[in-house]
Amino acid sequence: MTVFWHRRDLRAADNRGLAAAVDDADDTVPVFVFDDAVLAHASDARLRFMLDSLAELRETYRERGSDLVVARGDPAAVLPALAAAVDAETVHWNADYSGLAQDRDARVADALDAAGFDTDTHHDAVLHEPGMIRTNAGDPYSVYTYFWKKWRDREKPDPFASPAGSDLADTDAIAPATLDGGAGDFDLDDALCPSLPSIEELGFADPAADVQSGGTAAARDRLAAFCDEAIFSYESDREYPARAGSSRLSPHLKFGTIGLREVYQATEAAMAAAKARDDAETEGDANAEADDAEADDELDPAQESVRTFQSQLAWREFYAQVLYFNPEIVSQNYKAYEEPIEWRNDADELAAWKRGETGYPIVDAGMRQLRAEAWMHNRVRMIVASFLTKDLLIDWRAGYDHFRTHLADHDTANDNGGWQWAASTGTDAQPYFRIFNPATQGERYDPDAEYIREYVPELRGVDADAIHDWPELSDAERADLAPDYPDPIVDHSHRREQALAMYKRARGEDPEE
């Protein structure tokens with residue numbers, strides 16, 4: 001008998017650790033533990049998505065004649081007691097890469113070892129585990145471009161098979177009434193949950209945001225729809241928030257409702273389809289063979305779009321590796337400056353940013369989308385992060401905390417990497433002197449103001465040019481066009497100069513030079 005501990009891998013298909021647990025014994029007991037130490041960092045939106053995904057996962061096991069054992073408590077106490085109750089030899093799980101996760105897993109492994117059980121950890125959330133892709137000197141990469149080139153050329157593993165019913169412990173053997181036992185002073189009966197707890201029982205409330213559906217079925221539907229069409233124009237559409245260019249797979253990748261190998265395999269199938277289409281279009285062209293010889297490894301636009309999406313998977317792994325080797329960056333700058341950065345940290349400006357009332361339309365649209373959907377378009381995430389750190393001169397950690405509270409897809413490695421990139425404090429970060437002009441960004445990536453009008457109803461009757469010029473309009477013009485929408489809370493040009501001076505001082509330079 002083995003135990004498999006689910007965490008950020010809420011699926012049965014293409015689950016590396018689960019497949020290993022099944023191969024290790026005749027029967028496997030799947031378990032999920034609500035850990036209060038982890039719940040302390042949770043949010044309404046993420047918990048809603050997770051509970052939906054757990055409900056589907058439990059039904060998946062029940063369809064196979066088994067069940068998902070659900071408990072609440074310290075996994076260092078729950079897992080040894082459960083392993084003893086089912087007479088297991090080994091407990092398997094998939095690795096997580098934050099400092100909190102690494103510390104928890106080490107503590108759980110020590111507790112299981114002390115109780116006489118073996119443990120086996122697997123790398124499932126990445127295609128290439130941290131440390132497998134290094135510089136020629138043997139160091140972890142801190143520059144994405146070089147990491148990407150090696151990641152792209154490495155062979156990828158195939159998806160792992162789903163367990164059959166015969167691979168799993170049957171329902172009667174792992175029913176809460178059957179599982180009886182303890183370890184020391186710990187009583188397993190008190191920890192077991194006969195049914196999934198409600199979001200309120202876990203200390204949270206149903207989110208006001210319209211959180212997208214969790215679970216493997218929803219993830220596969222999104223992946224299939226994306227690979228049927230949008231992936232072939234991803235390169236050209238992904239930066240424009242009014243276009244349906246995003247996969248919206250990020251919460252599914254966060255909670256592992258779909259396996260990365262399955263996702264990558266789908267992108268390779270899309271790549272093959274794009275190549276076949278390109279070949280068919282050039283068939284019969286007398287110059288095609290010569291063109292192919294000249295092009296060599298060049299890709300047509302559809303193939304390039306697929307490759308660009310694959311590069312986003314590599315970005316996730318790059319940031320996971322950065323976090324794995326530098327867990328302190330959750331709260332510390334990755335890049336050291338000679339002097340502390342003199343953040344202004346104005347509480348009123350931070351509050352206006354959170355509400356989406358800065359008077360910069362593209363920024364406010366993004367912040368309101370976050371509140372409405374527990375998600376934000378990636379280009380807009382960059383814009384709002386730049387605005388917070390470079391226009392409002394507020395510490396990136398305040399923005400990171402707000403995202404962690406509201407995003408259904410909050411991923412420690414990804415979000416930390418993005419925020420530190422915007423703040424010019426991270427690995428491979430945007431240079432401090434490159435500062436987004438939010439009005440220009442809105443005009444470039446939402447030229448017709450479709451996205452802005454969707455999330456900022458006060459501006460729905462305003463011409464696109466006036467929306468993009470909003471910071472430059474007079475008070476009277478703004479009052480006439482949209483009296484309920486706020487004036488800009490800062491002057492971008494002025495704050496840009498302040499930001500440049502602030503970073504120069506942090507670098508030990510004279511801001512006047």
# chains A, B, ... in the order shown; residues from 1 in each chain; ligands from 1
$ closest_atom_pairs --of "range 299-339 of chain A" --to "range 239-262 of chain A" --cutoff "12 Å" --atoms "only C-alpha atoms" --output "tab-separated table"
residue	atom	partner	partner_atom	distance
A:Ser305	CA	A:Gly245	CA	10.7
A:Val306	CA	A:Ser247	CA	11.7
A:Thr308	CA	A:Ser246	CA	11.8
A:Phe309	CA	A:Ser247	CA	9.1
A:Gln310	CA	A:Leu260	CA	10.9
A:Gln312	CA	A:Ser250	CA	10.5
A:Leu313	CA	A:Leu260	CA	8.5
A:Ala314	CA	A:Leu260	CA	10.9
A:Arg316	CA	A:Leu253	CA	9.6
A:Glu317	CA	A:Leu260	CA	10.7
A:Ala320	CA	A:Lys254	CA	11.6
$ write_last_selection --atoms "C-alpha atoms" --output "short mmCIF file (atom, residue, chain, number, x, y, z; two decimals), in the first residue's frame"
data_model
loop_
_atom_site.label_atom_id
_atom_site.label_comp_id
_atom_site.auth_asym_id
_atom_site.auth_seq_id
_atom_site.Cartn_x
_atom_site.Cartn_y
_atom_site.Cartn_z
CA SER A 305 2.90 31.88 -32.35
CA VAL A 306 2.94 28.32 -31.01
CA THR A 308 5.86 31.97 -28.33
CA PHE A 309 3.23 30.24 -26.20
CA GLN A 310 5.70 27.48 -25.40
CA GLN A 312 5.54 31.21 -21.67
CA LEU A 313 5.73 27.70 -20.22
CA ALA A 314 9.49 28.16 -20.06
CA ARG A 316 7.08 29.64 -15.52
CA GLU A 317 9.91 27.16 -15.10
CA ALA A 320 10.25 28.41 -10.42
#
$ residues_around --residues "Ala224 in chain A" --least-positions-apart "2" --cutoff "10 Å" --atoms "only C-alpha atoms" --output "list in words"
Ala218, Ala219, Arg220, Asp221, Arg222, Phe226, Cys227, Asp228, Glu229, Ser247, Val263, Ala266, Thr267 and Ala270 of chain A
$ select_by_dssp --residues "range 4-91 of chain A" --states "strand (DSSP E)" --output "ChimeraX atom specification"
/A:4-6,28-34,69-72,90-91
$ write_last_selection --atoms "N, CA and C atoms" --output "PDB file, in the first residue's frame"
ATOM      1  N   PHE A   4      -0.615   8.658  -1.629  1.00  0.00           N
ATOM      2  CA  PHE A   4      -0.212   9.778  -2.479  1.00  0.00           C
ATOM      3  C   PHE A   4      -0.857  11.041  -1.936  1.00  0.00           C
ATOM      4  N   TRP A   5      -0.016  12.041  -1.654  1.00  0.00           N
ATOM      5  CA  TRP A   5      -0.440  13.308  -1.052  1.00  0.00           C
ATOM      6  C   TRP A   5      -0.603  14.355  -2.157  1.00  0.00           C
ATOM      7  N   HIS A   6      -1.851  14.704  -2.458  1.00  0.00           N
ATOM      8  CA  HIS A   6      -2.144  15.765  -3.431  1.00  0.00           C
ATOM      9  C   HIS A   6      -1.904  17.125  -2.801  1.00  0.00           C
ATOM     10  N   THR A  28      -3.129   2.265  -3.939  1.00  0.00           N
ATOM     11  CA  THR A  28      -2.695   3.598  -3.555  1.00  0.00           C
ATOM     12  C   THR A  28      -3.859   4.354  -2.926  1.00  0.00           C
ATOM     13  N   VAL A  29      -3.565   5.052  -1.842  1.00  0.00           N
ATOM     14  CA  VAL A  29      -4.565   5.866  -1.154  1.00  0.00           C
ATOM     15  C   VAL A  29      -4.287   7.331  -1.484  1.00  0.00           C
ATOM     16  N   PRO A  30      -5.170   8.012  -2.213  1.00  0.00           N
ATOM     17  CA  PRO A  30      -4.980   9.449  -2.462  1.00  0.00           C
ATOM     18  C   PRO A  30      -5.521  10.275  -1.307  1.00  0.00           C
ATOM     19  N   VAL A  31      -4.797  11.325  -0.936  1.00  0.00           N
ATOM     20  CA  VAL A  31      -5.202  12.146   0.212  1.00  0.00           C
ATOM     21  C   VAL A  31      -4.946  13.612  -0.090  1.00  0.00           C
ATOM     22  N   PHE A  32      -5.791  14.467   0.450  1.00  0.00           N
ATOM     23  CA  PHE A  32      -5.556  15.916   0.430  1.00  0.00           C
ATOM     24  C   PHE A  32      -5.728  16.421   1.849  1.00  0.00           C
ATOM     25  N   VAL A  33      -4.798  17.269   2.290  1.00  0.00           N
ATOM     26  CA  VAL A  33      -4.830  17.794   3.657  1.00  0.00           C
ATOM     27  C   VAL A  33      -4.961  19.313   3.619  1.00  0.00           C
ATOM     28  N   PHE A  34      -6.022  19.824   4.223  1.00  0.00           N
ATOM     29  CA  PHE A  34      -6.151  21.270   4.415  1.00  0.00           C
ATOM     30  C   PHE A  34      -5.227  21.672   5.560  1.00  0.00           C
ATOM     31  N   VAL A  69      -9.224  10.726   0.266  1.00  0.00           N
ATOM     32  CA  VAL A  69      -9.251  10.957   1.708  1.00  0.00           C
ATOM     33  C   VAL A  69      -8.971  12.439   1.944  1.00  0.00           C
ATOM     34  N   VAL A  70      -9.853  13.107   2.669  1.00  0.00           N
ATOM     35  CA  VAL A  70      -9.703  14.537   2.942  1.00  0.00           C
ATOM     36  C   VAL A  70      -9.547  14.726   4.442  1.00  0.00           C
ATOM     37  N   ALA A  71      -8.541  15.504   4.815  1.00  0.00           N
ATOM     38  CA  ALA A  71      -8.297  15.763   6.227  1.00  0.00           C
ATOM     39  C   ALA A  71      -7.949  17.232   6.412  1.00  0.00           C
ATOM     40  N   ARG A  72      -8.007  17.675   7.663  1.00  0.00           N
ATOM     41  CA  ARG A  72      -7.584  19.029   7.985  1.00  0.00           C
ATOM     42  C   ARG A  72      -6.674  18.979   9.204  1.00  0.00           C
ATOM     43  N   THR A  90       5.102   3.579   1.885  1.00  0.00           N
ATOM     44  CA  THR A  90       5.703   4.787   1.325  1.00  0.00           C
ATOM     45  C   THR A  90       4.636   5.854   1.104  1.00  0.00           C
ATOM     46  N   VAL A  91       5.013   7.106   1.331  1.00  0.00           N
ATOM     47  CA  VAL A  91       4.164   8.246   1.013  1.00  0.00           C
ATOM     48  C   VAL A  91       4.841   9.034  -0.101  1.00  0.00           C
TER      49      VAL A  91
END
$ residues_around --residues "Asp44 in chain A" --least-positions-apart "2" --cutoff "9 Å" --atoms "only C-alpha atoms" --output "JSON, numbers by chain"
{"A": [42, 46, 47, 48, 49, 199, 204, 205, 206, 207, 208, 405, 406, 408]}
$ select_by_dssp --residues "range 106-187 of chain A" --states "alpha helix (DSSP H)" --output "list in words"
Ala106, Arg107, Val108, Ala109, Asp110, Ala111, Leu112, Asp113, Ala114, Tyr144, Thr145, Tyr146, Phe147, Trp148, Lys149, Lys150, Trp151, Arg152 and Asp153 of chain A
$ write_last_selection --atoms "N, CA and C atoms" --output "PDB file, in the first residue's frame"
ATOM      1  N   ALA A 106      10.127  19.211   4.164  1.00  0.00           N
ATOM      2  CA  ALA A 106      11.225  18.644   4.951  1.00  0.00           C
ATOM      3  C   ALA A 106      10.719  18.187   6.317  1.00  0.00           C
ATOM      4  N   ARG A 107       9.822  18.980   6.906  1.00  0.00           N
ATOM      5  CA  ARG A 107       9.263  18.629   8.211  1.00  0.00           C
ATOM      6  C   ARG A 107       8.391  17.386   8.120  1.00  0.00           C
ATOM      7  N   VAL A 108       7.587  17.277   7.046  1.00  0.00           N
ATOM      8  CA  VAL A 108       6.740  16.100   6.844  1.00  0.00           C
ATOM      9  C   VAL A 108       7.598  14.864   6.613  1.00  0.00           C
ATOM     10  N   ALA A 109       8.653  15.006   5.798  1.00  0.00           N
ATOM     11  CA  ALA A 109       9.538  13.869   5.528  1.00  0.00           C
ATOM     12  C   ALA A 109      10.208  13.389   6.810  1.00  0.00           C
ATOM     13  N   ASP A 110      10.621  14.315   7.673  1.00  0.00           N
ATOM     14  CA  ASP A 110      11.242  13.935   8.945  1.00  0.00           C
ATOM     15  C   ASP A 110      10.243  13.195   9.829  1.00  0.00           C
ATOM     16  N   ALA A 111       8.988  13.676   9.857  1.00  0.00           N
ATOM     17  CA  ALA A 111       7.975  13.027  10.690  1.00  0.00           C
ATOM     18  C   ALA A 111       7.671  11.621  10.187  1.00  0.00           C
ATOM     19  N   LEU A 112       7.586  11.454   8.889  1.00  0.00           N
ATOM     20  CA  LEU A 112       7.322  10.127   8.328  1.00  0.00           C
ATOM     21  C   LEU A 112       8.494   9.195   8.564  1.00  0.00           C
ATOM     22  N   ASP A 113       9.694   9.716   8.402  1.00  0.00           N
ATOM     23  CA  ASP A 113      10.880   8.891   8.647  1.00  0.00           C
ATOM     24  C   ASP A 113      10.925   8.442  10.106  1.00  0.00           C
ATOM     25  N   ALA A 114      10.621   9.352  11.019  1.00  0.00           N
ATOM     26  CA  ALA A 114      10.631   9.000  12.441  1.00  0.00           C
ATOM     27  C   ALA A 114       9.577   7.947  12.766  1.00  0.00           C
ATOM     28  N   TYR A 144      16.736  34.959 -18.596  1.00  0.00           N
ATOM     29  CA  TYR A 144      15.755  34.050 -19.206  1.00  0.00           C
ATOM     30  C   TYR A 144      16.158  33.605 -20.599  1.00  0.00           C
ATOM     31  N   THR A 145      16.672  34.493 -21.429  1.00  0.00           N
ATOM     32  CA  THR A 145      16.914  34.188 -22.840  1.00  0.00           C
ATOM     33  C   THR A 145      17.758  32.935 -23.004  1.00  0.00           C
ATOM     34  N   TYR A 146      18.811  32.831 -22.215  1.00  0.00           N
ATOM     35  CA  TYR A 146      19.696  31.667 -22.331  1.00  0.00           C
ATOM     36  C   TYR A 146      19.048  30.416 -21.758  1.00  0.00           C
ATOM     37  N   PHE A 147      18.283  30.596 -20.686  1.00  0.00           N
ATOM     38  CA  PHE A 147      17.522  29.474 -20.123  1.00  0.00           C
ATOM     39  C   PHE A 147      16.545  28.925 -21.157  1.00  0.00           C
ATOM     40  N   TRP A 148      15.841  29.830 -21.840  1.00  0.00           N
ATOM     41  CA  TRP A 148      14.840  29.449 -22.825  1.00  0.00           C
ATOM     42  C   TRP A 148      15.439  28.631 -23.958  1.00  0.00           C
ATOM     43  N   LYS A 149      16.619  29.028 -24.428  1.00  0.00           N
ATOM     44  CA  LYS A 149      17.217  28.309 -25.544  1.00  0.00           C
ATOM     45  C   LYS A 149      17.506  26.859 -25.187  1.00  0.00           C
ATOM     46  N   LYS A 150      17.997  26.627 -23.976  1.00  0.00           N
ATOM     47  CA  LYS A 150      18.266  25.256 -23.551  1.00  0.00           C
ATOM     48  C   LYS A 150      16.967  24.516 -23.248  1.00  0.00           C
ATOM     49  N   TRP A 151      16.024  25.210 -22.603  1.00  0.00           N
ATOM     50  CA  TRP A 151      14.725  24.592 -22.299  1.00  0.00           C
ATOM     51  C   TRP A 151      14.046  24.135 -23.581  1.00  0.00           C
ATOM     52  N   ARG A 152      14.064  24.989 -24.584  1.00  0.00           N
ATOM     53  CA  ARG A 152      13.390  24.709 -25.855  1.00  0.00           C
ATOM     54  C   ARG A 152      13.949  23.461 -26.516  1.00  0.00           C
ATOM     55  N   ASP A 153      15.257  23.256 -26.415  1.00  0.00           N
ATOM     56  CA  ASP A 153      15.905  22.166 -27.141  1.00  0.00           C
ATOM     57  C   ASP A 153      15.960  20.860 -26.365  1.00  0.00           C
TER      58      ASP A 153
END
$ residues_around --residues "Ala25 in chain A" --least-positions-apart "6" --cutoff "10 Å" --atoms "only C-alpha atoms" --output "PyMOL selection string"
chain A and resi 1-3+88-90+167-168
$ closest_residue --among "A:Asp170, A:Asp210, A:Asp96, A:Asp120" --to "Glu63 in chain A" --atoms "only C-alpha atoms"
A:Asp170
$ residues_around --residues "range 451-457 of chain A" --least-positions-apart "4" --cutoff "8 Å" --atoms "only C-alpha atoms" --output "short mmCIF file (atom, residue, chain, number, x, y, z; two decimals) with C-alpha atoms, in the first residue's frame"
data_model
loop_
_atom_site.label_atom_id
_atom_site.label_comp_id
_atom_site.auth_asym_id
_atom_site.auth_seq_id
_atom_site.Cartn_x
_atom_site.Cartn_y
_atom_site.Cartn_z
CA PRO A 241 -6.43 42.75 -23.75
CA ALA A 242 -9.57 43.27 -25.86
CA PRO A 361 -7.86 54.48 -17.76
CA ILE A 362 -5.80 51.40 -18.72
CA ASP A 364 -8.03 51.39 -13.68
CA ALA A 365 -9.47 48.91 -16.18
CA GLY A 366 -6.90 46.33 -15.12
CA ARG A 368 -11.23 46.53 -11.89
CA GLN A 369 -10.88 43.41 -14.03
CA ASP A 446 -6.17 49.08 -26.51
#
$ closest_residue --among "A:Leu18, A:Ala169, A:Leu192, A:Val322" --to "Glu129 in chain A" --atoms "only C-alpha atoms"
A:Val322
